[in-house]
Amino acid sequence: MDAKDILGLPKTAIPIPQEKKSRSQKDSQRKPDGISREVYALTGGMPPLMPTIDSSQLKKRPPVDEKITWQWLPFTNSARKDNLQLYHWVRVVNGVPPTGDYSFAKYNKSIDIVQYTDEEYAKHLADPSWTKEETDRLFELCKQFDLRFIVIADRFPSSRTVEELKNRYYSVSRSILMARATSPGDVTGNPLVKETYNVSQEKERKRALSMVLSQTKQQERKDAEILADAKRISESRVAARGAEESELPVASSAGHDNADRADVPGDTVSPSLNVQLPSAAVAPSTLMADNAATIASLRMLRVYLRTYALDQMIQAASSSAGLRTIKRVEQTLQDLGVNLKPRVPTKAVCAEHLELRKEILTLLNLQKQLQYKEAEGSSFRDHPYETPGTPKDRMFVPDSMSFGGERVGKRDQKRKAPGRISEAPSSPAQSKRPRKLKASDL
């Protein structure tokens with residue numbers, strides 16, 4: 001007895017057809033070119049983190065119609081003079097072997113060695129310390145080994161140093177070039193004539209190089225410490241110079257204010273303004289400080305045009321002057337027939353031009369001071385009893401004493417208005433209040 005008997009169902013049930021679930025077909029993706037199957041299976045077609053190689057950069061397959069073979073063929077090298085024939089594998093396309101010179105023959109570079117005749121040697125190249133046979137052998141080895149003087153010194157028959165061989169070769173080549181030239185200007189640009197070989201300098205260079213290479217670790221450490229100390233000192237000097245330059249604008253701004261106050265419109269200066277002109281002792285120190293700062297800033301540039309340096313020096317020299325004074329300096333230069341900028345800005349011309357500008361600026365300052373003093377003297381002559389800056393209605397009253405010998409009381413002085421004369425007679429001195437008796441006085 002089973003569940004069908006309990007439920008009263010027939011034992012042979014009609015089977016219900018079940019619909020098969022349709023599987024979603026995966027989109028077939030083709031593997032890109034240039035990626036191996038294993039890498040593509042791991043990544044699953046996802047974009048890589050790093051950029052891959054473009055397929056256009058890969059080696060292209062040869063066309064189908066081309067037939068490529070490799071053949072063992074003979075070849076000759078134009079760099080060799082013995083016509084030696086060798087063999088190598090060559091890529092042949094469609095049965096046609098490549099033509100032309102050997103591909104590596106272009107790397108054979110030779111040096112043009114100057115050749116001389118017996119007559120030229122007897123006339124220009126005779127040297128008591130060198131024989132003609134030694135000179136001929138030297139030039140043969142130089143041509144054979146392409147100026148490799150270490151190898152030449154090893155092959156040379158007599159005991160000559162490398163420096164002696166170099167000196168002889170370069171001196172002979174230079175003498176031959178100068179003797180064959182029609183004029184000296186034709187060979188001035190040649191390196192053999194332009195840069196002569198210095199034997200003593202070459203020996204000193206090699207000696208210094210051997211000393212550096214033969215240093216111990218302790219000496220190298222000591223040299224490194226000395227260089228570090230020198231670098232620290234130079235940095236401290238640059239910092240101190242920068243601090244001095246940062247303090248200079250304060251003085252220059254004060255000079256600008258004084259110059260602006262001194263440049264009053266008009267031809268005359270009024271003494272009632274009480275203008276304090278800068279003294280002659282302060283101006284040169286300010287100019288020297290500005291020039292020193294300008295020179296220090298130019299030295300930090302290392303490379304600069306002289307016209308740019310002249311402009312900077314002119315600005316530093318005119319920093320304490322106003323705009324009107326600078327225009328008067330330029331007008332004076334034009335009146336004298338001097339260009340505002342030198343046409344040939346050599347070092348001497350720039351120095352003289354700057355000195356002329358300083359002298360004109362000093363002359364204008366002296367003229368301004370003279371004008372101020374003359375105006376002040378004329379005002380003193382017109383009003384001899386007045387002091388500039390003092391009101392006309394103010395009169396100073398001395399400490400007056402009463403006719404009876406008594407001093408005027410402080411309260412009466414406080415009641416009087418300052419600078420005015422009181423017409424009322426001075427009040428007598430007030431009597432003091434009697435002091436109270438103390439117990440000690442009894």
# chains A, B, ... in the order shown; residues from 1 in each chain; ligands from 1
>>> residues_around(residues="Tyr102 (chain A)", least_positions_apart="2", cutoff="6 Å", atoms="only C-alpha atoms", output="MDAnalysis selection string")
chainID A and resid 77 104:105
>>> write_last_selection(atoms="C-alpha atoms", output="mmCIF file, in the first residue's frame")
data_model
loop_
_atom_site.group_PDB
_atom_site.id
_atom_site.type_symbol
_atom_site.label_atom_id
_atom_site.label_comp_id
_atom_site.auth_asym_id
_atom_site.auth_seq_id
_atom_site.Cartn_x
_atom_site.Cartn_y
_atom_site.Cartn_z
ATOM 1 C CA ASN A 77 84.296 43.286 -48.267
ATOM 2 C CA PHE A 104 79.027 46.119 -42.523
ATOM 3 C CA ALA A 105 81.546 47.850 -44.808
#
>>> atom_distance(atom1="CA of Leu125 (chain A)", atom2="CA of Phe139 (chain A)")
13.1 Å
>>> residues_around(residues="Ala153 (chain A)", least_positions_apart="2", cutoff="10 Å", atoms="only C-alpha atoms", output="compact mmCIF listing (two decimals) with N, CA, C and O atoms, in the first residue's frame")
# COMPACT_ATOMS: atom_id res chain seq x y z
N LEU A 138 106.68 56.61 -37.71
CA LEU A 138 105.56 57.11 -36.89
C LEU A 138 104.31 57.32 -37.73
O LEU A 138 103.20 56.90 -37.34
N LEU A 141 102.70 53.98 -38.76
CA LEU A 141 101.93 53.36 -37.67
C LEU A 141 100.65 54.14 -37.39
O LEU A 141 99.62 53.54 -37.04
N ARG A 148 95.81 55.42 -32.74
CA ARG A 148 95.75 54.81 -31.41
C ARG A 148 97.17 54.80 -30.84
O ARG A 148 97.93 53.86 -31.03
N PHE A 149 97.48 55.90 -30.13
CA PHE A 149 98.88 56.15 -29.76
C PHE A 149 99.37 55.16 -28.70
O PHE A 149 100.58 54.97 -28.58
N ILE A 150 98.52 54.54 -27.96
CA ILE A 150 98.97 53.52 -27.00
C ILE A 150 99.52 52.32 -27.76
O ILE A 150 100.58 51.77 -27.42
N VAL A 151 98.80 51.91 -28.82
CA VAL A 151 99.27 50.79 -29.64
C VAL A 151 100.51 51.21 -30.44
O VAL A 151 101.45 50.42 -30.63
N ARG A 155 104.31 49.55 -30.57
CA ARG A 155 104.91 49.04 -31.80
C ARG A 155 106.11 49.86 -32.25
O ARG A 155 106.82 49.43 -33.16
N PHE A 156 106.32 51.01 -31.67
CA PHE A 156 107.38 51.89 -32.16
C PHE A 156 108.74 51.29 -31.80
O PHE A 156 108.96 50.80 -30.69
N PRO A 157 109.71 51.34 -32.73
CA PRO A 157 110.99 50.65 -32.47
C PRO A 157 111.81 51.27 -31.36
O PRO A 157 112.39 50.55 -30.53
N SER A 158 111.90 52.58 -31.29
CA SER A 158 112.69 53.23 -30.24
C SER A 158 111.83 53.53 -29.03
O SER A 158 110.59 53.48 -29.08
N SER A 159 112.50 53.84 -27.93
CA SER A 159 111.79 54.09 -26.66
C SER A 159 111.32 55.54 -26.63
O SER A 159 112.03 56.46 -26.20
N ARG A 160 110.12 55.76 -27.11
CA ARG A 160 109.48 57.07 -27.09
C ARG A 160 108.20 56.99 -26.27
O ARG A 160 107.48 56.00 -26.33
N THR A 161 107.94 58.06 -25.51
CA THR A 161 106.72 58.09 -24.73
C THR A 161 105.53 58.46 -25.62
O THR A 161 105.69 58.92 -26.76
N VAL A 162 104.35 58.26 -25.07
CA VAL A 162 103.13 58.58 -25.81
C VAL A 162 103.05 60.08 -26.08
O VAL A 162 102.63 60.52 -27.16
N GLU A 163 103.45 60.89 -25.10
CA GLU A 163 103.40 62.34 -25.27
C GLU A 163 104.36 62.80 -26.36
O GLU A 163 104.03 63.71 -27.14
N GLU A 164 105.53 62.21 -26.43
CA GLU A 164 106.49 62.58 -27.48
C GLU A 164 105.97 62.21 -28.86
O GLU A 164 106.12 62.98 -29.82
N LEU A 165 105.37 61.04 -28.98
CA LEU A 165 104.80 60.63 -30.27
C LEU A 165 103.67 61.56 -30.70
O LEU A 165 103.58 61.96 -31.87
N LYS A 166 102.80 61.92 -29.76
CA LYS A 166 101.70 62.83 -30.09
C LYS A 166 102.23 64.20 -30.50
O LYS A 166 101.76 64.80 -31.48
>>> closest_residue(among="A:Leu73, A:Val172, A:Ile233, A:Gly100", to="Lys123 (chain A)", atoms="only C-alpha atoms")
A:Val172
>>> atom_distance(atom1="CA of Val93 (chain A)", atom2="CA of Lys67 (chain A)")
5.8 Å
>>> atom_distance(atom1="CA of Gln334 (chain A)", atom2="CA of His353 (chain A)")
12.9 Å
>>> residues_around(residues="Pro191 (chain A)", least_positions_apart="2", cutoff="12 Å", atoms="only C-alpha atoms", output="count of residues only")
12
>>> closest_residue(among="A:Gln71, A:Ser129, A:Asn108, A:Gln315", to="Val90 (chain A)", atoms="only C-alpha atoms")
A:Gln71
>>> residues_around(residues="Ile360 (chain A)", least_positions_apart="4", cutoff="12 Å", atoms="only C-alpha atoms", output="PDB file with C-alpha atoms, in the first residue's frame")
ATOM      1  CA  ALA A 317      72.313 103.951  -9.314  1.00  0.00           C
ATOM      2  CA  SER A 318      69.003 105.804  -9.890  1.00  0.00           C
ATOM      3  CA  ALA A 321      66.202 109.445  -7.282  1.00  0.00           C
ATOM      4  CA  THR A 325      65.414 113.528 -11.640  1.00  0.00           C
ATOM      5  CA  ILE A 326      65.912 110.491 -13.897  1.00  0.00           C
ATOM      6  CA  LYS A 327      64.304 112.368 -16.794  1.00  0.00           C
ATOM      7  CA  ARG A 328      66.611 115.338 -16.135  1.00  0.00           C
ATOM      8  CA  VAL A 329      69.615 112.975 -16.241  1.00  0.00           C
ATOM      9  CA  GLU A 330      68.501 111.579 -19.599  1.00  0.00           C
ATOM     10  CA  GLN A 331      67.890 115.121 -20.910  1.00  0.00           C
ATOM     11  CA  THR A 332      71.405 116.119 -19.831  1.00  0.00           C
ATOM     12  CA  LEU A 333      72.855 113.114 -21.667  1.00  0.00           C
ATOM     13  CA  ASP A 335      72.209 117.688 -24.497  1.00  0.00           C
ATOM     14  CA  LEU A 336      75.776 116.384 -24.253  1.00  0.00           C
ATOM     15  CA  HIS A 353      78.752 105.495 -19.166  1.00  0.00           C
ATOM     16  CA  LEU A 354      77.694 104.487 -15.654  1.00  0.00           C
ATOM     17  CA  GLU A 355      80.253 106.871 -14.103  1.00  0.00           C
ATOM     18  CA  LEU A 356      78.929 109.740 -16.249  1.00  0.00           C
ATOM     19  CA  LEU A 364      71.645 117.659 -10.047  1.00  0.00           C
ATOM     20  CA  ASN A 365      71.513 116.909  -6.306  1.00  0.00           C
ATOM     21  CA  LEU A 366      74.063 119.638  -5.598  1.00  0.00           C
ATOM     22  CA  GLN A 367      72.079 122.108  -7.704  1.00  0.00           C
TER      23      GLN A 367
END
>>> closest_residue(among="A:Tyr87, A:Ala208, A:Lys109, A:Cys142", to="Trp72 (chain A)", atoms="only C-alpha atoms")
A:Tyr87
>>> residues_around(residues="Val92 (chain A)", least_positions_apart="4", cutoff="6 Å", atoms="only C-alpha atoms", output="PyMOL selection string")
chain A and resi 68-70+96-97
